[in-house]
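Visitor: File upload-v1.cif follows (mmCIF, C-alpha atoms):
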```
data_protein
#
loop_
_atom_site.group_PDB
_atom_site.id
_atom_site.type_symbol
_atom_site.label_atom_id
_atom_site.label_comp_id
_atom_site.auth_asym_id
_atom_site.auth_seq_id
_atom_site.Cartn_x
_atom_site.Cartn_y
_atom_site.Cartn_z
ATOM 1 C CA MET A 3 48.303 116.255 -41.271
ATOM 2 C CA SER A 4 50.391 118.143 -43.789
ATOM 3 C CA PRO A 5 52.582 116.356 -46.336
ATOM 4 C CA PRO A 6 55.933 115.299 -44.863
ATOM 5 C CA THR A 7 58.009 117.069 -47.498
ATOM 6 C CA THR A 8 55.916 120.169 -48.104
ATOM 7 C CA SER A 9 57.058 123.455 -46.616
ATOM 8 C CA LEU A 10 54.908 126.429 -45.847
ATOM 9 C CA PRO A 11 55.121 129.331 -48.341
ATOM 10 C CA GLY A 12 58.020 131.632 -47.542
ATOM 11 C CA ARG A 13 59.416 129.330 -44.865
ATOM 12 C CA GLN A 14 62.092 126.689 -44.744
ATOM 13 C CA ARG A 15 61.055 123.082 -44.446
ATOM 14 C CA ASP A 16 60.637 121.891 -40.852
ATOM 15 C CA TRP A 17 63.487 119.383 -40.962
ATOM 16 C CA LEU A 18 63.001 118.245 -37.356
ATOM 17 C CA PHE A 19 59.468 116.933 -37.908
ATOM 18 C CA ARG A 20 59.017 116.583 -41.663
ATOM 19 C CA GLY A 21 60.741 114.537 -44.352
ATOM 20 C CA TRP A 22 63.558 112.019 -44.099
ATOM 21 C CA THR A 23 65.526 114.154 -41.650
ATOM 22 C CA SER A 24 62.770 113.688 -39.056
ATOM 23 C CA TRP A 25 63.822 110.038 -38.624
ATOM 24 C CA ALA A 26 67.486 110.294 -39.660
ATOM 25 C CA ILE A 27 68.321 112.798 -36.906
ATOM 26 C CA PRO A 28 66.993 110.731 -33.963
ATOM 27 C CA LEU A 29 68.462 107.566 -35.467
ATOM 28 C CA ALA A 30 71.912 109.160 -35.641
ATOM 29 C CA LEU A 31 71.601 110.588 -32.113
ATOM 30 C CA LEU A 32 70.440 107.199 -30.822
ATOM 31 C CA ALA A 33 73.497 105.495 -32.302
ATOM 32 C CA LEU A 34 75.796 108.203 -30.914
ATOM 33 C CA THR A 35 74.285 107.885 -27.417
ATOM 34 C CA ILE A 36 74.793 104.125 -27.348
ATOM 35 C CA LEU A 37 78.342 104.494 -28.663
ATOM 36 C CA LEU A 38 79.288 107.074 -26.021
ATOM 37 C CA ALA A 39 77.658 105.076 -23.224
ATOM 38 C CA GLU A 40 79.596 101.974 -24.237
ATOM 39 C CA THR A 41 83.002 103.580 -24.804
ATOM 40 C CA THR A 42 83.246 106.485 -22.339
ATOM 41 C CA PRO A 43 82.666 106.920 -18.564
ATOM 42 C CA TRP A 44 80.184 109.776 -18.993
ATOM 43 C CA ASP A 45 77.285 107.741 -17.562
ATOM 44 C CA GLU A 46 79.205 107.151 -14.329
ATOM 45 C CA GLN A 47 80.349 110.778 -14.229
ATOM 46 C CA ILE A 48 76.721 111.947 -14.329
ATOM 47 C CA GLN A 49 75.619 109.267 -11.868
ATOM 48 C CA ASN A 50 78.296 110.277 -9.383
ATOM 49 C CA LEU A 51 76.649 113.690 -9.066
ATOM 50 C CA PHE A 52 73.684 112.069 -7.338
ATOM 51 C CA TYR A 53 75.397 109.442 -5.176
ATOM 52 C CA SER A 54 77.776 109.377 -2.233
ATOM 53 C CA PRO A 55 78.867 106.299 -0.230
ATOM 54 C CA GLU A 56 77.908 108.047 3.011
ATOM 55 C CA ARG A 57 74.435 109.375 2.119
ATOM 56 C CA GLY A 58 73.459 107.073 -0.702
ATOM 57 C CA TRP A 59 71.257 108.363 -3.515
ATOM 58 C CA LEU A 60 69.988 111.911 -3.750
ATOM 59 C CA LEU A 61 66.385 110.693 -4.063
ATOM 60 C CA THR A 62 64.630 107.710 -2.525
ATOM 61 C CA LEU A 63 61.819 106.208 -4.575
ATOM 62 C CA ASP A 64 58.520 105.939 -2.707
ATOM 63 C CA LYS A 65 55.585 105.745 -5.113
ATOM 64 C CA HIS A 66 52.987 106.536 -2.464
ATOM 65 C CA ARG A 67 54.262 109.659 -0.705
ATOM 66 C CA GLY A 68 56.519 112.677 -0.913
ATOM 67 C CA PHE A 69 58.412 113.510 -4.069
ATOM 68 C CA GLY A 70 57.867 109.983 -5.373
ATOM 69 C CA LEU A 71 54.271 110.964 -6.044
ATOM 70 C CA VAL A 72 55.455 113.916 -8.116
ATOM 71 C CA TYR A 73 57.869 112.096 -10.412
ATOM 72 C CA TYR A 74 56.350 108.619 -10.481
ATOM 73 C CA THR A 75 52.697 108.154 -9.571
ATOM 74 C CA ILE A 76 51.160 111.460 -10.692
ATOM 75 C CA PRO A 77 52.781 111.558 -14.177
ATOM 76 C CA VAL A 78 51.734 107.950 -14.849
ATOM 77 C CA ARG A 79 48.130 108.699 -13.932
ATOM 78 C CA LEU A 80 48.194 111.978 -15.856
ATOM 79 C CA ILE A 81 49.375 110.220 -19.022
ATOM 80 C CA GLY A 82 46.712 107.549 -18.540
ATOM 81 C CA ALA A 83 44.045 110.235 -18.178
ATOM 82 C CA VAL A 84 45.254 112.025 -21.325
ATOM 83 C CA SER A 85 45.112 108.808 -23.348
ATOM 84 C CA GLY A 86 41.608 108.075 -22.054
ATOM 85 C CA LEU A 87 40.359 111.557 -22.924
ATOM 86 C CA LEU A 88 41.942 111.351 -26.374
ATOM 87 C CA LEU A 89 40.264 108.025 -27.031
ATOM 88 C CA LEU A 90 36.862 109.318 -25.936
ATOM 89 C CA SER A 91 37.349 112.464 -28.016
ATOM 90 C CA ALA A 92 38.316 110.418 -31.080
ATOM 91 C CA LEU A 93 35.278 108.149 -30.722
ATOM 92 C CA TRP A 94 32.972 111.146 -30.224
ATOM 93 C CA SER A 95 34.382 112.874 -33.294
ATOM 94 C CA LEU A 96 34.018 109.714 -35.382
ATOM 95 C CA ALA A 97 30.411 109.222 -34.300
ATOM 96 C CA LYS A 98 29.486 112.856 -34.819
ATOM 97 C CA THR A 99 31.230 113.688 -38.097
ATOM 98 C CA ARG A 100 31.635 110.197 -39.645
ATOM 99 C CA ARG A 101 35.195 111.216 -40.465
ATOM 100 C CA PHE A 102 38.160 109.335 -39.095
ATOM 101 C CA PRO A 103 40.086 111.477 -36.528
ATOM 102 C CA TRP A 104 43.547 110.908 -37.989
ATOM 103 C CA LYS A 105 45.458 113.248 -35.713
ATOM 104 C CA ARG A 106 44.030 111.926 -32.467
ATOM 105 C CA ALA A 107 44.398 108.356 -33.670
ATOM 106 C CA TYR A 108 48.038 109.060 -34.528
ATOM 107 C CA VAL A 109 48.791 110.502 -31.075
ATOM 108 C CA LEU A 110 47.112 107.502 -29.435
ATOM 109 C CA LEU A 111 49.124 105.169 -31.655
ATOM 110 C CA CYS A 112 52.335 106.844 -30.498
ATOM 111 C CA MET A 113 51.238 106.594 -26.867
ATOM 112 C CA ALA A 114 50.776 102.857 -27.301
ATOM 113 C CA ALA A 115 53.701 102.021 -29.602
ATOM 114 C CA ILE A 116 56.522 103.877 -27.833
ATOM 115 C CA PRO A 117 56.156 102.346 -24.330
ATOM 116 C CA THR A 118 55.466 98.955 -25.935
ATOM 117 C CA LEU A 119 58.730 99.069 -27.879
ATOM 118 C CA VAL A 120 60.692 100.149 -24.806
ATOM 119 C CA ALA A 121 59.083 97.425 -22.679
ATOM 120 C CA ASN A 122 59.901 94.841 -25.345
ATOM 121 C CA LEU A 123 63.560 95.883 -25.360
ATOM 122 C CA LYS A 124 63.673 95.763 -21.564
ATOM 123 C CA SER A 125 62.301 92.222 -21.584
ATOM 124 C CA ARG A 126 65.106 91.023 -23.869
ATOM 125 C CA ASN A 127 68.085 92.009 -21.733
ATOM 126 C CA SER A 128 69.232 92.100 -18.122
ATOM 127 C CA MET A 129 70.944 95.446 -17.675
ATOM 128 C CA PRO A 130 71.537 96.126 -13.961
ATOM 129 C CA TYR A 131 70.243 99.321 -12.420
ATOM 130 C CA PRO A 132 73.011 101.650 -11.201
ATOM 131 C CA LYS A 133 72.103 100.923 -7.575
ATOM 132 C CA LYS A 134 72.627 97.201 -8.219
ATOM 133 C CA ILE A 135 76.205 97.454 -9.496
ATOM 134 C CA LEU A 136 79.331 97.213 -7.346
ATOM 135 C CA GLN A 137 80.361 100.827 -7.829
ATOM 136 C CA TYR A 138 77.212 102.038 -6.066
ATOM 137 C CA GLY A 139 76.949 99.492 -3.277
ATOM 138 C CA GLY A 140 75.322 96.664 -5.234
ATOM 139 C CA THR A 141 76.510 93.148 -5.972
ATOM 140 C CA CYS A 142 76.554 93.016 -9.792
ATOM 141 C CA PRO A 143 79.406 94.193 -12.053
ATOM 142 C CA LYS A 144 78.591 96.817 -14.650
ATOM 143 C CA ARG A 145 77.711 95.293 -18.018
ATOM 144 C CA SER A 146 77.981 96.421 -21.571
ATOM 145 C CA LEU A 147 74.839 96.464 -23.676
ATOM 146 C CA LEU A 148 75.958 93.341 -25.518
ATOM 147 C CA GLN A 149 76.555 91.522 -22.242
ATOM 148 C CA ALA A 150 73.131 92.601 -20.993
ATOM 149 C CA PHE A 151 71.424 91.108 -24.044
ATOM 150 C CA ARG A 152 73.423 87.911 -23.691
ATOM 151 C CA THR A 153 72.449 87.669 -20.009
ATOM 152 C CA ARG A 154 68.751 87.019 -20.401
ATOM 153 C CA ARG A 155 68.325 86.055 -16.737
ATOM 154 C CA GLU A 156 70.293 86.199 -13.507
ATOM 155 C CA PRO A 157 71.322 83.053 -11.575
ATOM 156 C CA ASN A 158 68.250 83.466 -9.350
ATOM 157 C CA GLY A 159 65.989 83.321 -12.426
ATOM 158 C CA LYS A 160 65.079 87.007 -12.302
ATOM 159 C CA ARG A 161 65.996 89.755 -14.727
ATOM 160 C CA PHE A 162 67.103 93.346 -14.345
ATOM 161 C CA HIS A 163 65.164 95.952 -16.359
ATOM 162 C CA GLY A 164 67.630 98.823 -16.539
ATOM 163 C CA TRP A 165 67.771 99.447 -20.310
ATOM 164 C CA PRO A 166 66.233 101.521 -21.729
ATOM 165 C CA ALA A 167 64.254 103.771 -19.365
ATOM 166 C CA GLY A 168 60.680 102.509 -19.196
ATOM 167 C CA HIS A 169 59.164 105.067 -16.854
ATOM 168 C CA ALA A 170 60.430 107.992 -18.912
ATOM 169 C CA SER A 171 59.008 106.431 -22.083
ATOM 170 C CA GLY A 172 55.552 107.271 -20.745
ATOM 171 C CA GLY A 173 56.352 110.976 -20.983
ATOM 172 C CA PHE A 174 58.115 110.563 -24.308
ATOM 173 C CA SER A 175 55.065 108.704 -25.660
ATOM 174 C CA LEU A 176 53.468 112.128 -26.147
ATOM 175 C CA MET A 177 55.989 112.773 -28.931
ATOM 176 C CA GLY A 178 53.116 112.540 -31.407
ATOM 177 C CA LEU A 179 52.213 116.084 -30.321
ATOM 178 C CA ALA A 180 55.370 117.225 -32.115
ATOM 179 C CA PHE A 181 54.259 115.877 -35.493
ATOM 180 C CA CYS A 182 50.504 116.277 -35.909
ATOM 181 C CA PRO A 183 50.108 120.103 -35.660
ATOM 182 C CA GLU A 184 50.161 122.083 -38.894
ATOM 183 C CA ASP A 185 51.805 125.096 -37.239
ATOM 184 C CA PRO A 186 55.607 124.605 -36.802
ATOM 185 C CA ARG A 187 55.486 126.593 -33.577
ATOM 186 C CA LYS A 188 52.954 124.183 -32.088
ATOM 187 C CA ARG A 189 55.106 121.257 -33.195
ATOM 188 C CA ARG A 190 58.005 122.635 -31.214
ATOM 189 C CA TRP A 191 55.800 123.184 -28.177
ATOM 190 C CA GLY A 192 54.614 119.586 -28.414
ATOM 191 C CA PHE A 193 58.188 118.383 -28.755
ATOM 192 C CA ALA A 194 59.319 120.471 -25.783
ATOM 193 C CA PHE A 195 56.434 119.268 -23.599
ATOM 194 C CA SER A 196 57.061 115.588 -24.334
ATOM 195 C CA ALA A 197 60.828 115.948 -23.915
ATOM 196 C CA ALA A 198 60.443 117.881 -20.652
ATOM 197 C CA LEU A 199 57.944 115.444 -19.123
ATOM 198 C CA GLY A 200 59.871 112.308 -20.069
ATOM 199 C CA GLY A 201 63.197 113.960 -19.239
ATOM 200 C CA PHE A 202 61.963 114.955 -15.783
ATOM 201 C CA MET A 203 60.736 111.429 -15.073
ATOM 202 C CA GLY A 204 63.980 109.914 -16.363
ATOM 203 C CA LEU A 205 66.283 112.350 -14.553
ATOM 204 C CA CYS A 206 64.583 111.617 -11.248
ATOM 205 C CA HIS A 207 65.227 107.916 -11.818
ATOM 206 C CA THR A 208 68.883 108.798 -12.410
ATOM 207 C CA MET A 209 68.873 110.613 -9.067
ATOM 208 C CA ASP A 210 67.430 107.586 -7.243
ATOM 209 C CA GLY A 211 69.777 105.060 -8.864
ATOM 210 C CA ASN A 212 67.315 103.281 -11.130
ATOM 211 C CA HIS A 213 68.756 104.401 -14.484
ATOM 212 C CA PHE A 214 71.875 105.774 -16.041
ATOM 213 C CA PHE A 215 71.214 108.995 -17.901
ATOM 214 C CA SER A 216 71.963 107.368 -21.257
ATOM 215 C CA HIS A 217 69.058 104.978 -20.666
ATOM 216 C CA THR A 218 66.697 107.963 -20.663
ATOM 217 C CA LEU A 219 68.311 109.426 -23.769
ATOM 218 C CA VAL A 220 67.895 106.110 -25.583
ATOM 219 C CA SER A 221 64.171 106.119 -24.760
ATOM 220 C CA PHE A 222 63.909 109.741 -25.909
ATOM 221 C CA PHE A 223 65.516 109.167 -29.298
ATOM 222 C CA LEU A 224 63.564 105.945 -29.775
ATOM 223 C CA ALA A 225 60.337 107.845 -29.101
ATOM 224 C CA TRP A 226 61.299 110.548 -31.595
ATOM 225 C CA LEU A 227 62.204 107.926 -34.208
ATOM 226 C CA VAL A 228 59.004 105.920 -33.714
ATOM 227 C CA ALA A 229 56.814 109.038 -33.789
ATOM 228 C CA SER A 230 58.442 110.121 -37.047
ATOM 229 C CA LEU A 231 58.049 106.749 -38.765
ATOM 230 C CA LEU A 232 54.445 106.423 -37.592
ATOM 231 C CA TYR A 233 53.683 109.924 -38.850
ATOM 232 C CA LEU A 234 55.038 109.090 -42.291
ATOM 233 C CA ALA A 235 53.055 105.841 -42.351
ATOM 234 C CA VAL A 236 49.796 107.411 -41.154
ATOM 235 C CA HIS A 237 50.190 110.316 -43.576
ATOM 236 C CA ALA A 238 50.711 107.889 -46.470
ATOM 237 C CA LEU A 239 47.591 105.939 -45.476
ATOM 238 C CA ARG A 240 45.546 109.106 -45.146
ATOM 239 C CA LYS A 241 46.721 110.350 -48.508
ATOM 240 C CA ARG A 242 45.843 107.022 -50.122
ATOM 241 C CA PHE A 243 42.346 106.890 -48.690
ATOM 242 C CA SER A 244 41.740 110.552 -49.470
ATOM 243 C CA ALA A 245 42.747 109.942 -53.084
ATOM 244 C CA HIS A 246 40.234 107.114 -53.387
ATOM 245 C CA PRO A 247 37.130 108.117 -51.423
ATOM 246 C CA PRO A 248 34.393 105.512 -51.160
ATOM 247 C CA LYS A 249 31.818 105.761 -53.887
ATOM 248 C CA GLU A 250 28.308 106.765 -52.996
ATOM 249 C CA PRO A 251 25.736 104.037 -53.687
ATOM 250 C CA VAL A 252 23.725 104.726 -56.808
ATOM 251 C CA PRO A 253 19.999 104.631 -56.020
ATOM 252 C CA ARG A 254 18.049 102.202 -58.139
ATOM 253 C CA PRO A 255 15.126 103.609 -60.144
ATOM 254 C CA SER A 256 11.821 102.760 -58.600
#
```
Output the file's structure in the form of C-alpha cells.

Guide:
Amino acid sequence: MSPPTTSLPGRQRDWLFRGWTSWAIPLALLALTILLAETTPWDEQIQNLFYSPERGWLLTLDKHRGFGLVYYTIPVRLIGAVSGLLLLSALWSLAKTRRFPWKRAYVLLCMAAIPTLVANLKSRNSMPYPKKILQYGGTCPKRSLLQAFRTRREPNGKRFHGWPAGHASGGFSLMGLAFCPEDPRKRRWGFAFSAALGGFMGLCHTMDGNHFFSHTLVSFFLAWLVASLLYLAVHALRKRFSAHPPKEPVPRPS
C-alpha cells in the first residue's frame, strides 16, 4: 500500500482514495443523502417509478428462480466465493513467503467490517420496507429515521429491517479494491466494480419494494467511508511494523 498522502511523480494526488478527502467526501455525501431523504419526497418519487396500484411492484423477489437468482442468490454466493479464495490466497502467501499479505488482509477486513456495520445499524431500528407502508399497499405509516430508531420493535414483537440496505452492502463490501492498488487507474476500476455490483443489488431491491433508493446510497457511502478509514489504519500499522522490523536472533558462540 502506498502512503495515503503521497502522490505519484508528475500527477495530482488521488483525492478520492488517498488522504483526508478519501473519508471526508463520503462522510459529506452520507450526511447529504440522509438530509435529502428526510426532508424531500425524492425517495417516493423514485419508488413510484417501479410501483403501480394495479400491477404492484416491477420485480417480485424469488431467491430460488428467475431474475431473483440473478440479483439475490448468485451475487451473494459469488461474494462468498471471492472472500474464501482471498482468505486461502492470503494464507498460502503467508506460509510461502513468511510475509504478511497486507493488501489481501485489508480487502478481507473490508468485506467483513462493512456488512457487519450495516447489519448492526439495521438491528437498532425498525424502518419499514416500502412495500410495508400505506402508500404502497402496506399497513404501516412511513417513518422518519429518528422515529425508526425510537421504534425498536413493532407491536407484534418483530422488527423491520429497511435501513440501510443490507443486501447491497455485500457488493459494496468489495470497496477495498478501490484503495489497495498502487495504480490510480486500477483503484477507479475497483471502485466502479464495487459500486456497480452493490448498486445493481440495491436497485433491484428498490424495484421489488424492499428498499428506498436512499437506503442503498447510505450503504454505499458507509462502505466508502469504512474502506477509507480502514485503509488509513492498516497503512499506519504497516508503516509502523516496517519501521521496526523484528531483530534476528544473535547466534551464541559454541

Visitor: Go through the shown structure with the PyMOL selection byres ((chain A and resi 136-138) around 12) and write out the matching residues as an MDAnalysis selection string.

Guide: chainID A and resid 46:47 49:50 52:59 130:135 139:145 210:212 214

Visitor: Kindly export the residues of the current selection with C-alpha atoms, as a short mmCIF file (atom, residue, chain, number, x, y, z; two decimals), keeping the file's coordinate frame.

Guide:
```
data_model
loop_
_atom_site.label_atom_id
_atom_site.label_comp_id
_atom_site.auth_asym_id
_atom_site.auth_seq_id
_atom_site.Cartn_x
_atom_site.Cartn_y
_atom_site.Cartn_z
CA GLU A 46 79.20 107.15 -14.33
CA GLN A 47 80.35 110.78 -14.23
CA GLN A 49 75.62 109.27 -11.87
CA ASN A 50 78.30 110.28 -9.38
CA PHE A 52 73.68 112.07 -7.34
CA TYR A 53 75.40 109.44 -5.18
CA SER A 54 77.78 109.38 -2.23
CA PRO A 55 78.87 106.30 -0.23
CA GLU A 56 77.91 108.05 3.01
CA ARG A 57 74.44 109.38 2.12
CA GLY A 58 73.46 107.07 -0.70
CA TRP A 59 71.26 108.36 -3.52
CA PRO A 130 71.54 96.13 -13.96
CA TYR A 131 70.24 99.32 -12.42
CA PRO A 132 73.01 101.65 -11.20
CA LYS A 133 72.10 100.92 -7.58
CA LYS A 134 72.63 97.20 -8.22
CA ILE A 135 76.20 97.45 -9.50
CA GLY A 139 76.95 99.49 -3.28
CA GLY A 140 75.32 96.66 -5.23
CA THR A 141 76.51 93.15 -5.97
CA CYS A 142 76.55 93.02 -9.79
CA PRO A 143 79.41 94.19 -12.05
CA LYS A 144 78.59 96.82 -14.65
CA ARG A 145 77.71 95.29 -18.02
CA ASP A 210 67.43 107.59 -7.24
CA GLY A 211 69.78 105.06 -8.86
CA ASN A 212 67.32 103.28 -11.13
CA PHE A 214 71.88 105.77 -16.04
#
```

Visitor: Applied to the shown file, which residues does the PyMOL selection byres ((chain A and resi 23-31) around 10) return, written as a PyMOL selection string?

Guide: chain A and resi 6-7+16-22+32-37+181+219-220+222-231+233-234

Visitor: Output, as AutoDock Vina command-line options, the centre and edge lengths in Å (one decimal) of the axis-aligned box that contains all listed atoms of region 199-202 of chain A with 6 Å of margin on each side.

Guide:
```
--center_x 60.6 --center_y 113.9 --center_z -17.9 --size_x 17.3 --size_y 15.1 --size_z 16.3
```

Visitor: Got a sec to resolve the PyMOL selection byres ((chain A and resi 206) around 12) on this structure and send the residues as a count of residues only?

Guide: 34

Visitor: Hey, which of A:His66, A:Pro166, A:Lys241, A:Lys160 ends up closest to Ser216 (chain A)? Count only C-alpha atoms.

Guide: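 The answer is A:Pro166, which sits nearest to Ser216 (chain A).
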
Visitor: Report the distance between CA of Val236 (chain A) and CA of Arg106 (chain A) in Å, rounded to one decimal place.

Guide: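 About the pair CA of Val236 (chain A) and CA of Arg106 (chain A): they are 11.4 Å apart.
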
Visitor: Please compute the CA of Ala235 (chain A)-CA of Ala92 (chain A) distance, one decimal, in Å.

Guide: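 Result for CA of Ala235 (chain A) versus CA of Ala92 (chain A): 19.1 Å, one decimal.
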
Visitor: Counting only C-alpha atoms, find residues at most 12 Å from (40.5, 108.8, -26.9) (file frame) and give them as an NGL selection string.

Guide: :A and (81-96 or 103-111 or 113-114)

Visitor: Which of these, A:Pro77, A:Gly168, A:Gly173, A:Gly159, has the shortest distance to Asn122 (chain A) once you count only C-alpha atoms?

Guide: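 Nearest candidate to Asn122 (chain A) out of A:Pro77, A:Gly168, A:Gly173, A:Gly159: A:Gly168.
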
Visitor: Figure out the distance between CA of Ala238 (chain A) and CA of Arg187 (chain A), please, to one decimal in Å.

Guide: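 Separation of CA of Arg187 (chain A) and CA of Ala238 (chain A): 23.2 Å.
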
Visitor: Take region 225-234 of chain A, bring it up to all heavy atoms, and give me the output as a compact mmCIF listing (two decimals), in the coordinates of the input.

Guide:
```txt
# COMPACT_ATOMS: atom_id res chain seq x y z
N ALA A 225 61.68 107.26 -28.99
CA ALA A 225 60.34 107.84 -29.10
C ALA A 225 60.25 108.79 -30.29
O ALA A 225 59.27 108.78 -31.05
CB ALA A 225 59.99 108.58 -27.81
N TRP A 226 61.25 109.61 -30.46
CA TRP A 226 61.30 110.55 -31.60
C TRP A 226 61.30 109.78 -32.91
O TRP A 226 60.55 110.10 -33.84
CB TRP A 226 62.54 111.41 -31.45
CG TRP A 226 62.70 112.52 -32.45
CD1 TRP A 226 61.90 112.78 -33.54
CD2 TRP A 226 63.72 113.52 -32.44
NE1 TRP A 226 62.38 113.88 -34.22
CE2 TRP A 226 63.49 114.35 -33.57
CE3 TRP A 226 64.81 113.79 -31.61
CZ2 TRP A 226 64.33 115.44 -33.87
CZ3 TRP A 226 65.63 114.87 -31.91
CH2 TRP A 226 65.38 115.68 -33.03
N LEU A 227 62.11 108.73 -32.98
CA LEU A 227 62.20 107.93 -34.21
C LEU A 227 60.88 107.24 -34.52
O LEU A 227 60.39 107.27 -35.66
CB LEU A 227 63.31 106.89 -34.04
CG LEU A 227 63.52 105.90 -35.19
CD1 LEU A 227 63.91 106.62 -36.47
CD2 LEU A 227 64.58 104.87 -34.79
N VAL A 228 60.27 106.62 -33.51
CA VAL A 228 59.00 105.92 -33.71
C VAL A 228 57.91 106.89 -34.12
O VAL A 228 57.12 106.62 -35.03
CB VAL A 228 58.61 105.15 -32.44
CG1 VAL A 228 57.18 104.63 -32.54
CG2 VAL A 228 59.57 103.99 -32.21
N ALA A 229 57.84 108.04 -33.46
CA ALA A 229 56.81 109.04 -33.79
C ALA A 229 56.96 109.52 -35.23
O ALA A 229 55.97 109.71 -35.94
CB ALA A 229 56.89 110.22 -32.82
N SER A 230 58.21 109.68 -35.68
CA SER A 230 58.44 110.12 -37.05
C SER A 230 58.00 109.06 -38.05
O SER A 230 57.30 109.37 -39.03
CB SER A 230 59.93 110.43 -37.24
OG SER A 230 60.22 110.70 -38.60
N LEU A 231 58.40 107.82 -37.83
CA LEU A 231 58.05 106.75 -38.76
C LEU A 231 56.54 106.52 -38.79
O LEU A 231 55.96 106.29 -39.86
CB LEU A 231 58.78 105.46 -38.38
CG LEU A 231 60.31 105.51 -38.51
CD1 LEU A 231 60.92 104.21 -38.00
CD2 LEU A 231 60.73 105.79 -39.95
N LEU A 232 55.90 106.59 -37.63
CA LEU A 232 54.44 106.42 -37.59
C LEU A 232 53.74 107.57 -38.30
O LEU A 232 52.73 107.37 -38.98
CB LEU A 232 53.96 106.33 -36.14
CG LEU A 232 54.26 105.01 -35.41
CD1 LEU A 232 53.78 105.10 -33.97
CD2 LEU A 232 53.61 103.83 -36.11
N TYR A 233 54.29 108.79 -38.15
CA TYR A 233 53.68 109.92 -38.85
C TYR A 233 53.74 109.72 -40.36
O TYR A 233 52.76 109.95 -41.07
CB TYR A 233 54.39 111.22 -38.47
CG TYR A 233 53.90 112.40 -39.29
CD1 TYR A 233 52.71 113.04 -38.96
CD2 TYR A 233 54.59 112.82 -40.43
CE1 TYR A 233 52.24 114.10 -39.72
CE2 TYR A 233 54.11 113.86 -41.20
CZ TYR A 233 52.94 114.49 -40.84
OH TYR A 233 52.47 115.52 -41.60
N LEU A 234 54.89 109.31 -40.85
CA LEU A 234 55.04 109.09 -42.29
C LEU A 234 54.09 108.00 -42.78
O LEU A 234 53.48 108.10 -43.85
CB LEU A 234 56.49 108.72 -42.61
CG LEU A 234 57.52 109.83 -42.38
CD1 LEU A 234 58.93 109.28 -42.55
CD2 LEU A 234 57.28 111.00 -43.31
```
